[in-house]
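**Q** Quick one, final_25.pdb (PDB, C-alpha atoms and all ligand atoms):
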MODEL        1
ATOM      1  CA  MET A   1     -20.256  22.987   2.057  1.00  0.00           C
ATOM      2  CA  THR A   2     -20.049  24.309  -1.512  1.00  0.00           C
ATOM      3  CA  PHE A   3     -19.199  22.360  -4.654  1.00  0.00           C
ATOM      4  CA  TYR A   4     -18.177  24.168  -7.809  1.00  0.00           C
ATOM      5  CA  VAL A   5     -18.379  22.044 -10.935  1.00  0.00           C
ATOM      6  CA  LEU A   6     -16.262  23.295 -13.828  1.00  0.00           C
ATOM      7  CA  THR A   7     -17.793  21.854 -16.968  1.00  0.00           C
ATOM      8  CA  LEU A   8     -18.844  22.462 -20.561  1.00  0.00           C
ATOM      9  CA  PHE A   9     -22.249  20.942 -19.711  1.00  0.00           C
ATOM     10  CA  PRO A  10     -23.694  22.554 -16.564  1.00  0.00           C
ATOM     11  CA  GLU A  11     -27.168  21.027 -17.052  1.00  0.00           C
ATOM     12  CA  MET A  12     -25.672  17.560 -17.199  1.00  0.00           C
ATOM     13  CA  VAL A  13     -24.528  18.067 -13.615  1.00  0.00           C
ATOM     14  CA  LEU A  14     -27.345  20.156 -12.134  1.00  0.00           C
ATOM     15  CA  GLU A  15     -30.366  18.213 -13.403  1.00  0.00           C
ATOM     16  CA  PRO A  16     -29.624  14.831 -11.761  1.00  0.00           C
ATOM     17  CA  LEU A  17     -29.002  16.529  -8.405  1.00  0.00           C
ATOM     18  CA  ARG A  18     -32.630  17.623  -8.105  1.00  0.00           C
ATOM     19  CA  PHE A  19     -33.865  14.256  -6.827  1.00  0.00           C
ATOM     20  CA  SER A  20     -34.067  12.221  -3.638  1.00  0.00           C
ATOM     21  CA  VAL A  21     -31.423  12.706  -0.943  1.00  0.00           C
ATOM     22  CA  MET A  22     -29.425  15.199  -3.038  1.00  0.00           C
ATOM     23  CA  GLY A  23     -32.484  17.265  -3.932  1.00  0.00           C
ATOM     24  CA  LYS A  24     -33.441  17.528  -0.251  1.00  0.00           C
ATOM     25  CA  ALA A  25     -29.891  18.369   0.822  1.00  0.00           C
ATOM     26  CA  LEU A  26     -29.826  21.216  -1.713  1.00  0.00           C
ATOM     27  CA  GLU A  27     -33.248  22.436  -0.597  1.00  0.00           C
ATOM     28  CA  LYS A  28     -32.204  22.384   3.054  1.00  0.00           C
ATOM     29  CA  GLY A  29     -28.945  24.202   2.300  1.00  0.00           C
ATOM     30  CA  VAL A  30     -26.815  21.315   3.639  1.00  0.00           C
ATOM     31  CA  VAL A  31     -24.824  21.725   0.439  1.00  0.00           C
ATOM     32  CA  ARG A  32     -24.624  24.177  -2.474  1.00  0.00           C
ATOM     33  CA  VAL A  33     -23.658  23.209  -6.015  1.00  0.00           C
ATOM     34  CA  LYS A  34     -22.592  25.859  -8.521  1.00  0.00           C
ATOM     35  CA  ALA A  35     -21.868  24.863 -12.093  1.00  0.00           C
ATOM     36  CA  LEU A  36     -19.460  27.107 -13.986  1.00  0.00           C
ATOM     37  CA  ASN A  37     -19.377  26.868 -17.755  1.00  0.00           C
ATOM     38  CA  VAL A  38     -15.751  26.601 -18.836  1.00  0.00           C
ATOM     39  CA  ARG A  39     -16.716  28.074 -22.225  1.00  0.00           C
ATOM     40  CA  ASP A  40     -17.459  31.383 -20.506  1.00  0.00           C
ATOM     41  CA  TYR A  41     -13.741  31.639 -19.728  1.00  0.00           C
ATOM     42  CA  ALA A  42     -12.565  31.006 -23.318  1.00  0.00           C
ATOM     43  CA  ARG A  43     -10.583  33.958 -24.614  1.00  0.00           C
ATOM     44  CA  ASP A  44     -10.911  33.846 -28.409  1.00  0.00           C
ATOM     45  CA  LYS A  45     -13.900  35.107 -30.312  1.00  0.00           C
ATOM     46  CA  HIS A  46     -15.045  31.574 -31.218  1.00  0.00           C
ATOM     47  CA  LYS A  47     -14.970  30.570 -27.537  1.00  0.00           C
ATOM     48  CA  MET A  48     -12.816  27.541 -28.333  1.00  0.00           C
ATOM     49  CA  THR A  49     -12.264  25.164 -25.430  1.00  0.00           C
ATOM     50  CA  ASP A  50     -10.406  22.374 -27.255  1.00  0.00           C
ATOM     51  CA  ASP A  51      -7.694  22.078 -29.879  1.00  0.00           C
ATOM     52  CA  TYR A  52      -5.578  19.522 -31.757  1.00  0.00           C
ATOM     53  CA  PRO A  53      -2.861  17.708 -29.789  1.00  0.00           C
ATOM     54  CA  TYR A  54       0.724  18.825 -30.326  1.00  0.00           C
ATOM     55  CA  GLY A  55       2.647  15.954 -31.827  1.00  0.00           C
ATOM     56  CA  GLY A  56      -0.425  14.666 -33.635  1.00  0.00           C
ATOM     57  CA  GLY A  57      -2.788  11.853 -32.733  1.00  0.00           C
ATOM     58  CA  GLN A  58      -6.500  11.196 -32.430  1.00  0.00           C
ATOM     59  CA  GLY A  59      -9.005  13.421 -30.665  1.00  0.00           C
ATOM     60  CA  MET A  60      -8.946  16.856 -29.161  1.00  0.00           C
ATOM     61  CA  VAL A  61      -7.372  18.219 -25.994  1.00  0.00           C
ATOM     62  CA  MET A  62      -8.973  20.759 -23.666  1.00  0.00           C
ATOM     63  CA  LYS A  63      -7.116  24.069 -23.840  1.00  0.00           C
ATOM     64  CA  PRO A  64      -5.486  25.324 -20.634  1.00  0.00           C
ATOM     65  CA  GLU A  65      -6.683  28.974 -20.635  1.00  0.00           C
ATOM     66  CA  PRO A  66     -10.443  28.371 -20.204  1.00  0.00           C
ATOM     67  CA  LEU A  67      -9.937  25.695 -17.521  1.00  0.00           C
ATOM     68  CA  VAL A  68      -7.350  27.657 -15.562  1.00  0.00           C
ATOM     69  CA  GLY A  69      -9.456  30.832 -15.918  1.00  0.00           C
ATOM     70  CA  THR A  70     -12.422  28.980 -14.394  1.00  0.00           C
ATOM     71  CA  ILE A  71     -10.295  27.573 -11.561  1.00  0.00           C
ATOM     72  CA  ARG A  72      -9.009  31.095 -10.808  1.00  0.00           C
ATOM     73  CA  SER A  73     -12.552  32.392 -10.677  1.00  0.00           C
ATOM     74  CA  VAL A  74     -13.396  29.768  -8.008  1.00  0.00           C
ATOM     75  CA  LEU A  75     -10.262  30.679  -6.050  1.00  0.00           C
ATOM     76  CA  SER A  76     -11.250  34.340  -6.143  1.00  0.00           C
ATOM     77  CA  GLU A  77     -14.497  33.330  -4.357  1.00  0.00           C
ATOM     78  CA  ASP A  78     -12.750  31.062  -1.858  1.00  0.00           C
ATOM     79  CA  PRO A  79      -8.937  31.099  -1.899  1.00  0.00           C
ATOM     80  CA  ARG A  80      -8.940  27.907   0.176  1.00  0.00           C
ATOM     81  CA  ALA A  81     -11.059  25.919  -2.285  1.00  0.00           C
ATOM     82  CA  TRP A  82      -9.741  22.369  -2.813  1.00  0.00           C
ATOM     83  CA  VAL A  83      -9.402  21.736  -6.545  1.00  0.00           C
ATOM     84  CA  VAL A  84      -9.991  18.193  -7.817  1.00  0.00           C
ATOM     85  CA  LEU A  85      -9.471  17.080 -11.400  1.00  0.00           C
ATOM     86  CA  LEU A  86     -11.650  14.128 -12.423  1.00  0.00           C
ATOM     87  CA  SER A  87      -9.830  11.770 -14.735  1.00  0.00           C
ATOM     88  CA  PRO A  88      -9.270   8.037 -15.224  1.00  0.00           C
ATOM     89  CA  GLN A  89      -5.634   8.679 -14.294  1.00  0.00           C
ATOM     90  CA  GLY A  90      -6.509   9.866 -10.791  1.00  0.00           C
ATOM     91  CA  ILE A  91      -6.265   8.048  -7.472  1.00  0.00           C
ATOM     92  CA  PRO A  92      -9.313   5.829  -6.819  1.00  0.00           C
ATOM     93  CA  PHE A  93     -12.280   7.534  -5.179  1.00  0.00           C
ATOM     94  CA  THR A  94     -13.240   5.583  -2.047  1.00  0.00           C
ATOM     95  CA  GLN A  95     -15.487   6.046   0.982  1.00  0.00           C
ATOM     96  CA  LYS A  96     -12.390   7.210   2.829  1.00  0.00           C
ATOM     97  CA  ALA A  97     -11.758   9.855   0.173  1.00  0.00           C
ATOM     98  CA  ALA A  98     -15.406  10.933   0.467  1.00  0.00           C
ATOM     99  CA  HIS A  99     -14.936  11.423   4.232  1.00  0.00           C
ATOM    100  CA  ARG A 100     -11.784  13.431   3.603  1.00  0.00           C
ATOM    101  CA  LEU A 101     -13.438  15.712   1.022  1.00  0.00           C
ATOM    102  CA  SER A 102     -16.419  16.264   3.340  1.00  0.00           C
ATOM    103  CA  GLY A 103     -14.041  18.234   5.587  1.00  0.00           C
ATOM    104  CA  PHE A 104     -13.491  21.046   3.069  1.00  0.00           C
ATOM    105  CA  ARG A 105     -15.607  24.198   2.974  1.00  0.00           C
ATOM    106  CA  THR A 106     -15.311  24.424  -0.838  1.00  0.00           C
ATOM    107  CA  VAL A 107     -14.452  21.705  -3.354  1.00  0.00           C
ATOM    108  CA  ALA A 108     -14.038  22.521  -7.049  1.00  0.00           C
ATOM    109  CA  LEU A 109     -14.548  19.563  -9.386  1.00  0.00           C
ATOM    110  CA  VAL A 110     -12.871  20.034 -12.747  1.00  0.00           C
ATOM    111  CA  CYS A 111     -14.468  17.958 -15.504  1.00  0.00           C
ATOM    112  CA  GLY A 112     -12.307  17.074 -18.477  1.00  0.00           C
ATOM    113  CA  ARG A 113     -13.787  16.157 -21.858  1.00  0.00           C
ATOM    114  CA  TYR A 114     -12.471  14.877 -25.162  1.00  0.00           C
ATOM    115  CA  GLU A 115      -9.203  12.951 -25.041  1.00  0.00           C
ATOM    116  CA  GLY A 116      -7.945  14.799 -21.996  1.00  0.00           C
ATOM    117  CA  VAL A 117      -6.814  18.139 -20.682  1.00  0.00           C
ATOM    118  CA  ASP A 118      -3.607  20.022 -21.427  1.00  0.00           C
ATOM    119  CA  GLU A 119      -0.989  18.671 -19.021  1.00  0.00           C
ATOM    120  CA  ARG A 120      -0.238  22.174 -17.694  1.00  0.00           C
ATOM    121  CA  VAL A 121      -3.685  22.339 -16.080  1.00  0.00           C
ATOM    122  CA  ARG A 122      -2.429  19.781 -13.560  1.00  0.00           C
ATOM    123  CA  GLY A 123      -0.281  22.480 -12.027  1.00  0.00           C
ATOM    124  CA  PHE A 124      -3.469  24.214 -10.855  1.00  0.00           C
ATOM    125  CA  VAL A 125      -5.198  21.271  -9.131  1.00  0.00           C
ATOM    126  CA  ASN A 126      -4.678  19.822  -5.643  1.00  0.00           C
ATOM    127  CA  GLU A 127      -5.462  16.247  -6.580  1.00  0.00           C
ATOM    128  CA  GLU A 128      -6.667  14.014  -9.392  1.00  0.00           C
ATOM    129  CA  VAL A 129      -9.419  11.499  -8.716  1.00  0.00           C
ATOM    130  CA  SER A 130     -10.859   8.563 -10.688  1.00  0.00           C
ATOM    131  CA  VAL A 131     -14.215   6.952  -9.930  1.00  0.00           C
ATOM    132  CA  GLY A 132     -13.194   3.595 -11.379  1.00  0.00           C
ATOM    133  CA  ASP A 133     -11.040   1.756 -13.859  1.00  0.00           C
ATOM    134  CA  TYR A 134     -13.073   2.586 -16.940  1.00  0.00           C
ATOM    135  CA  VAL A 135     -13.199   5.551 -19.259  1.00  0.00           C
ATOM    136  CA  LEU A 136     -16.147   7.952 -19.312  1.00  0.00           C
ATOM    137  CA  SER A 137     -16.592  10.578 -22.034  1.00  0.00           C
ATOM    138  CA  GLY A 138     -16.022  13.283 -19.477  1.00  0.00           C
ATOM    139  CA  GLY A 139     -15.770  14.016 -15.787  1.00  0.00           C
ATOM    140  CA  GLU A 140     -19.418  15.084 -15.294  1.00  0.00           C
ATOM    141  CA  LEU A 141     -20.795  11.715 -14.181  1.00  0.00           C
ATOM    142  CA  ALA A 142     -17.734  11.268 -11.992  1.00  0.00           C
ATOM    143  CA  ALA A 143     -18.394  14.671 -10.398  1.00  0.00           C
ATOM    144  CA  LEU A 144     -21.961  13.579  -9.616  1.00  0.00           C
ATOM    145  CA  ILE A 145     -20.658  10.460  -7.908  1.00  0.00           C
ATOM    146  CA  VAL A 146     -18.288  12.496  -5.761  1.00  0.00           C
ATOM    147  CA  ILE A 147     -20.948  15.081  -4.867  1.00  0.00           C
ATOM    148  CA  GLU A 148     -23.485  12.446  -3.848  1.00  0.00           C
ATOM    149  CA  ALA A 149     -21.068  10.301  -1.843  1.00  0.00           C
ATOM    150  CA  VAL A 150     -19.734  13.349   0.052  1.00  0.00           C
ATOM    151  CA  THR A 151     -23.119  14.986   0.641  1.00  0.00           C
ATOM    152  CA  ARG A 152     -24.532  11.858   2.321  1.00  0.00           C
ATOM    153  CA  LEU A 153     -21.858  12.304   4.982  1.00  0.00           C
ATOM    154  CA  LEU A 154     -22.739  15.911   5.831  1.00  0.00           C
ATOM    155  CA  PRO A 155     -24.790  16.616   8.949  1.00  0.00           C
ATOM    156  CA  GLY A 156     -28.471  17.001   8.041  1.00  0.00           C
ATOM    157  CA  ALA A 157     -28.294  15.177   4.687  1.00  0.00           C
ATOM    158  CA  LEU A 158     -29.775  11.878   5.875  1.00  0.00           C
ATOM    159  CA  HIS A 159     -32.900  11.221   7.958  1.00  0.00           C
ATOM    160  CA  ALA A 160     -31.014   8.653  10.006  1.00  0.00           C
ATOM    161  CA  PRO A 161     -27.346   9.666  10.079  1.00  0.00           C
ATOM    162  CA  GLU A 162     -26.394   6.323  11.616  1.00  0.00           C
ATOM    163  CA  SER A 163     -27.364   4.645   8.335  1.00  0.00           C
ATOM    164  CA  ALA A 164     -24.316   6.272   6.714  1.00  0.00           C
ATOM    165  CA  GLN A 165     -22.202   4.520   9.342  1.00  0.00           C
ATOM    166  CA  GLU A 166     -23.779   1.088   8.907  1.00  0.00           C
ATOM    167  CA  GLU A 167     -23.619   1.047   5.144  1.00  0.00           C
ATOM    168  CA  SER A 168     -21.239  -0.895   3.003  1.00  0.00           C
ATOM    169  CA  PHE A 169     -17.641   0.351   3.154  1.00  0.00           C
ATOM    170  CA  SER A 170     -18.075   2.672   6.116  1.00  0.00           C
ATOM    171  CA  GLY A 171     -16.742  -0.040   8.376  1.00  0.00           C
ATOM    172  CA  GLY A 172     -14.550  -1.183   5.514  1.00  0.00           C
ATOM    173  CA  MET A 173     -16.848  -4.125   4.758  1.00  0.00           C
ATOM    174  CA  LEU A 174     -19.807  -4.849   2.506  1.00  0.00           C
ATOM    175  CA  GLU A 175     -23.237  -4.652   4.076  1.00  0.00           C
ATOM    176  CA  TYR A 176     -25.048  -7.655   5.577  1.00  0.00           C
ATOM    177  CA  PRO A 177     -28.188  -8.997   3.806  1.00  0.00           C
ATOM    178  CA  GLN A 178     -31.354  -6.976   4.448  1.00  0.00           C
ATOM    179  CA  TYR A 179     -34.970  -8.197   4.446  1.00  0.00           C
ATOM    180  CA  THR A 180     -38.389  -6.595   4.773  1.00  0.00           C
ATOM    181  CA  ARG A 181     -41.951  -7.926   4.603  1.00  0.00           C
ATOM    182  CA  PRO A 182     -43.328 -10.365   3.529  1.00  0.00           C
ATOM    183  CA  ALA A 183     -41.777 -12.959   5.860  1.00  0.00           C
ATOM    184  CA  VAL A 184     -42.006 -15.512   3.032  1.00  0.00           C
ATOM    185  CA  PHE A 185     -41.532 -14.421  -0.597  1.00  0.00           C
ATOM    186  CA  GLU A 186     -42.085 -17.013  -3.342  1.00  0.00           C
ATOM    187  CA  GLY A 187     -41.201 -19.796  -0.937  1.00  0.00           C
ATOM    188  CA  LYS A 188     -38.091 -18.061   0.451  1.00  0.00           C
ATOM    189  CA  ALA A 189     -38.307 -17.231   4.160  1.00  0.00           C
ATOM    190  CA  VAL A 190     -36.499 -14.452   6.015  1.00  0.00           C
ATOM    191  CA  PRO A 191     -33.756 -15.913   8.242  1.00  0.00           C
ATOM    192  CA  GLU A 192     -35.368 -16.969  11.543  1.00  0.00           C
ATOM    193  CA  ILE A 193     -32.920 -15.038  13.687  1.00  0.00           C
ATOM    194  CA  LEU A 194     -34.123 -11.673  12.324  1.00  0.00           C
ATOM    195  CA  LEU A 195     -37.608 -12.420  13.720  1.00  0.00           C
ATOM    196  CA  SER A 196     -36.264 -13.528  17.114  1.00  0.00           C
ATOM    197  CA  GLY A 197     -36.059 -10.071  18.712  1.00  0.00           C
ATOM    198  CA  ASN A 198     -32.684 -11.055  20.189  1.00  0.00           C
ATOM    199  CA  HIS A 199     -30.656  -7.983  19.274  1.00  0.00           C
ATOM    200  CA  GLN A 200     -27.322  -9.320  20.373  1.00  0.00           C
ATOM    201  CA  LYS A 201     -27.751 -12.480  18.271  1.00  0.00           C
ATOM    202  CA  ILE A 202     -28.927 -10.363  15.335  1.00  0.00           C
ATOM    203  CA  ARG A 203     -25.856  -8.162  15.615  1.00  0.00           C
ATOM    204  CA  GLN A 204     -23.578 -11.225  15.639  1.00  0.00           C
ATOM    205  CA  TRP A 205     -25.396 -12.767  12.672  1.00  0.00           C
ATOM    206  CA  ARG A 206     -25.088  -9.542  10.653  1.00  0.00           C
ATOM    207  CA  ARG A 207     -21.394  -9.172  11.391  1.00  0.00           C
ATOM    208  CA  LYS A 208     -20.837 -12.797  10.305  1.00  0.00           C
ATOM    209  CA  GLU A 209     -22.855 -12.362   7.099  1.00  0.00           C
ATOM    210  CA  ALA A 210     -21.051  -9.112   6.264  1.00  0.00           C
ATOM    211  CA  LEU A 211     -17.744 -10.858   6.822  1.00  0.00           C
ATOM    212  CA  LEU A 212     -18.630 -13.861   4.631  1.00  0.00           C
ATOM    213  CA  ARG A 213     -20.027 -11.668   1.861  1.00  0.00           C
ATOM    214  CA  THR A 214     -16.950  -9.426   1.923  1.00  0.00           C
ATOM    215  CA  TRP A 215     -14.606 -12.424   1.934  1.00  0.00           C
ATOM    216  CA  ILE A 216     -16.338 -13.946  -1.094  1.00  0.00           C
ATOM    217  CA  ARG A 217     -16.862 -10.773  -3.126  1.00  0.00           C
ATOM    218  CA  ARG A 218     -14.102  -8.429  -2.007  1.00  0.00           C
ATOM    219  CA  PRO A 219     -11.263 -10.302  -0.291  1.00  0.00           C
ATOM    220  CA  ASP A 220      -9.102  -7.198  -0.791  1.00  0.00           C
ATOM    221  CA  LEU A 221     -11.222  -5.371   1.817  1.00  0.00           C
ATOM    222  CA  ILE A 222     -10.765  -8.090   4.453  1.00  0.00           C
ATOM    223  CA  ARG A 223      -7.037  -7.503   4.685  1.00  0.00           C
ATOM    224  CA  ALA A 224      -7.626  -4.067   6.198  1.00  0.00           C
ATOM    225  CA  GLN A 225     -10.067  -5.398   8.836  1.00  0.00           C
ATOM    226  CA  GLU A 226      -9.382  -5.966  12.498  1.00  0.00           C
ATOM    227  CA  LEU A 227     -10.931  -9.389  13.060  1.00  0.00           C
ATOM    228  CA  SER A 228     -11.789 -11.062  16.347  1.00  0.00           C
ATOM    229  CA  GLU A 229     -10.374 -14.511  17.058  1.00  0.00           C
ATOM    230  CA  SER A 230     -13.701 -16.204  16.253  1.00  0.00           C
ATOM    231  CA  GLU A 231     -14.069 -14.261  13.006  1.00  0.00           C
ATOM    232  CA  ARG A 232     -10.596 -15.293  11.929  1.00  0.00           C
ATOM    233  CA  ARG A 233     -11.460 -18.924  12.689  1.00  0.00           C
ATOM    234  CA  LEU A 234     -14.669 -18.609  10.670  1.00  0.00           C
ATOM    235  CA  LEU A 235     -12.767 -17.371   7.633  1.00  0.00           C
ATOM    236  CA  GLU A 236     -10.128 -20.072   8.018  1.00  0.00           C
ATOM    237  CA  GLN A 237     -12.898 -22.697   8.007  1.00  0.00           C
ATOM    238  CA  LEU A 238     -14.331 -21.119   4.864  1.00  0.00           C
ATOM    239  CA  GLN A 239     -10.941 -21.179   3.222  1.00  0.00           C
ATOM    240  CA  ASP A 240     -10.607 -24.918   3.961  1.00  0.00           C
ATOM    241  CA  ASP A 241     -14.182 -25.733   2.954  1.00  0.00           C
ATOM    242  CA  PRO A 242     -15.668 -22.969   0.781  1.00  0.00           C
TER     243      PRO A 242
HETATM  244  N1  LIG A 301     -13.293  11.012 -16.746  1.00  0.00           N
HETATM  245  C1  LIG A 301     -13.307  10.009 -17.650  1.00  0.00           C
HETATM  246  N2  LIG A 301     -13.257   8.827 -17.046  1.00  0.00           N
HETATM  247  C2  LIG A 301     -13.210   9.058 -15.702  1.00  0.00           C
HETATM  248  C3  LIG A 301     -13.129   8.233 -14.549  1.00  0.00           C
HETATM  249  N3  LIG A 301     -13.079   6.905 -14.640  1.00  0.00           N
HETATM  250  N4  LIG A 301     -13.082   8.832 -13.348  1.00  0.00           N
HETATM  251  C4  LIG A 301     -13.101  10.172 -13.248  1.00  0.00           C
HETATM  252  N5  LIG A 301     -13.167  10.996 -14.296  1.00  0.00           N
HETATM  253  C5  LIG A 301     -13.222  10.457 -15.520  1.00  0.00           C
ENDMDL
END
Produce structure tokens that represent the structure in this file.
**A**
Amino acid sequence: MTFYVLTLFPEMVLEPLRFSVMGKALEKGVVRVKALNVRDYARDKHKMTDDYPYGGGQGMVMKPEPLVGTIRSVLSEDPRAWVVLLSPQGIPFTQKAAHRLSGFRTVALVCGRYEGVDERVRGFVNEEVSVGDYVLSGGELAALIVIEAVTRLLPGALHAPESAQEESFSGGMLEYPQYTRPAVFEGKAVPEILLSGNHQKIRQWRRKEALLRTWIRRPDLIRAQELSESERRLLEQLQDDP
């Protein structure tokens, strides 16, 4: 899979990708990331990429020609590239969205800057995605989030691919509590059941803990879950006696 990142700050995107899981995935060729500098597609002699907003107001707006020129250059490489604009006005980026994007051969991530992009650029993108309800100074960090979340799902990116399935959100729930050695840390012991070797009991305990944690921290996620009768009863008890 290939990501193009359309940005005024290519290093801001490429540098952080050199480490850990992402660094290895790039080395192994599981994924390719190409950063295109939007300034290279500016038409005027000053290579301007932003300008004052029509109608007045604070801040600058990214001009359409350099952005659309960069998008066209990606499409000339792969006419089927899926073009994503990163902006706080987009639809929320979720694990499900990461799975969906992992199915494309080429994804182009368009990073806005300043106060926004000229509205007419939206006519050249397939979708608009936000990584959360807060405002970043540009789409670069958002692009990194998307690249990392998608790459983890690609075959060959993780040592143990099943870990991507067990993680938080993959089953639509938060992850159960994890422990490693020592068995007792500053007086706090690891739950007995995890030392029992009884894998069925451990599985049940983890499912219950994941359920309780999700119910307490993210009740919105529970609504989408298919619960067994005993799990439903457990949550009802919790509701009566939290
Ligand atoms: N650009 C600025 N803020 C953003 C956000 N929350 N998500 C995606 N892109 C952004």
**Q** Quick one: of A:Phe19, A:Met48, A:Phe124, A:Gly116, who's nearest to Leu75 of chain A, counting only C-alpha atoms?
**A**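 Answer, going by the shortest atom-to-atom distance: A:Phe124.
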**Q** Which residues are near ligand LIG 301 (chain A) in this structure, taking near to mean any atom at most 8 Å from a ligand atom and counting only C-alpha atoms and all ligand atoms? Format them as a PyMOL selection string.
**A** chain A and resi 85-90+111-113+129-143
**Q** I'd like the residues picked by the PyMOL selection byres (((chain A and resi 157-163) around 8) and not hetatm) written out as a list in words, using the chain letters and numbers from the file.
**A** Val21, Met22, Lys24, Ala25, Val30, Thr151, Arg152, Leu153, Leu154, Pro155, Gly156, Ala164, Gln165, Glu166 and Glu167 of chain A
**Q** From the options A:Gly171, A:Thr70, A:Ala149, A:Glu209, which residue's atoms come nearest to His99 of chain A, counting all atoms listed in the file?
**A**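 Result for the nearest residue to His99 of chain A: A:Ala149.
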**Q** Name the residues that the PyMOL selection byres (((chain A and resi 3) around 6) and not hetatm) pulls out of this structure, and write them as a list in words.
**A**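 For this structure, the PyMOL selection byres (((chain A and resi 3) around 6) and not hetatm) captures Thr2, Tyr4, Val33, Thr106, Val107 and Ala108 of chain A.
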**Q** Would you pick out the contacts of Thr7 of chain A at 7 Å or less, using only C-alpha atoms, so that residues sharing its chain but fewer than 6 positions from it are not included, and give the list as a list of chain:residue names?
**A**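 Selected residues are A:Leu36, A:Asn37, A:Val38, A:Val110, A:Cys111.
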**Q** May I have the residues from that selection written out with C-alpha atoms, as a CSV table (one decimal), in the frame of the given file?
**A**
chain,number,residue,atom,x,y,z
A,36,LEU,CA,-19.5,27.1,-14.0
A,37,ASN,CA,-19.4,26.9,-17.8
A,38,VAL,CA,-15.8,26.6,-18.8
A,110,VAL,CA,-12.9,20.0,-12.7
A,111,CYS,CA,-14.5,18.0,-15.5
**Q** Might you pull out every residue within 10 Å of segment 231-233 of chain A, with all atoms listed in the file counted and same-chain residues fewer than 6 positions away left off, and present them as a list in words?
**A**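 So, after excluding close chain neighbours, the residues are Arg207, Lys208, Leu211, Leu212 and Gln239 of chain A.
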**Q** What's around Gly69 of chain A at 9 Å? Count all atoms listed in the file, leave out sequence neighbours fewer than 3 positions away in its own chain, and write the answer as a ChimeraX atom specification.
**A** /A:38,41-42,64-66,72-74
**Q** Could you check how far atom CA of Leu144 of chain A sits from atom CA of Leu14 of chain A, in Å to one decimal?
**A**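 Atom CA of Leu14 of chain A lies 8.9 Å from atom CA of Leu144 of chain A.
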**Q** For Arg100 of chain A, which residue out of A:Val150, A:Asp51, A:Val117, A:Gly23 is the nearest one, using all atoms listed in the file?
**A** A:Val150
**Q** In Å, with one decimal, what is the gap from atom CA of Glu192 of chain A to atom CA of Gln204 of chain A?
**A** 13.7 Å
**Q** May I ask for the distance between atom CA of Ser168 of chain A and atom CA of Phe93 of chain A, given in Å to one decimal place?
**A**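 These two atoms are separated by 14.8 Å.
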**Q** Choose the residue, out of A:Ile147, A:Ile202, A:Ala210, A:Ala35, that has the smallest atom-to-atom separation from Tyr176 of chain A; count all atoms listed in the file.
**A**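 The shortest atom-to-atom distance to Tyr176 of chain A comes from A:Ala210.
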**Q** Kindly indicate which residue among A:Lys188, A:Arg39, A:Arg218, A:Arg105 lies nearest to Val83 of chain A, using all atoms listed in the file for the distances.
**A**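 Looking only at the distances to Val83 of chain A, the closest residue turns out to be A:Arg105.
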**Q** Neighbours of Arg223 of chain A within 12 Å (only C-alpha atoms; same-chain residues fewer than 2 positions away dropped), as a CSV table (one decimal) with C-alpha atoms, in the frame of the given file?
**A**
chain,number,residue,atom,x,y,z
A,172,GLY,CA,-14.6,-1.2,5.5
A,173,MET,CA,-16.8,-4.1,4.8
A,211,LEU,CA,-17.7,-10.9,6.8
A,214,THR,CA,-17.0,-9.4,1.9
A,215,TRP,CA,-14.6,-12.4,1.9
A,218,ARG,CA,-14.1,-8.4,-2.0
A,219,PRO,CA,-11.3,-10.3,-0.3
A,220,ASP,CA,-9.1,-7.2,-0.8
A,221,LEU,CA,-11.2,-5.4,1.8
A,225,GLN,CA,-10.1,-5.4,8.8
A,226,GLU,CA,-9.4,-6.0,12.5
A,227,LEU,CA,-10.9,-9.4,13.1
A,232,ARG,CA,-10.6,-15.3,11.9
A,235,LEU,CA,-12.8,-17.4,7.6
**Q** Can you list what the PyMOL selection byres (((chain A and resi 56-60) around 10) and not hetatm) grabs from this structure, as number ranges by chain?
**A** A: 49-55, 61-63, 113-118
**Q** What does the file look like for those residues with C-alpha atoms, as a compact mmCIF listing (two decimals), keeping the file's coordinate frame?
**A**
# COMPACT_ATOMS: atom_id res chain seq x y z
CA THR A 49 -12.26 25.16 -25.43
CA ASP A 50 -10.41 22.37 -27.26
CA ASP A 51 -7.69 22.08 -29.88
CA TYR A 52 -5.58 19.52 -31.76
CA PRO A 53 -2.86 17.71 -29.79
CA TYR A 54 0.72 18.82 -30.33
CA GLY A 55 2.65 15.95 -31.83
CA VAL A 61 -7.37 18.22 -25.99
CA MET A 62 -8.97 20.76 -23.67
CA LYS A 63 -7.12 24.07 -23.84
CA ARG A 113 -13.79 16.16 -21.86
CA TYR A 114 -12.47 14.88 -25.16
CA GLU A 115 -9.20 12.95 -25.04
CA GLY A 116 -7.94 14.80 -22.00
CA VAL A 117 -6.81 18.14 -20.68
CA ASP A 118 -3.61 20.02 -21.43
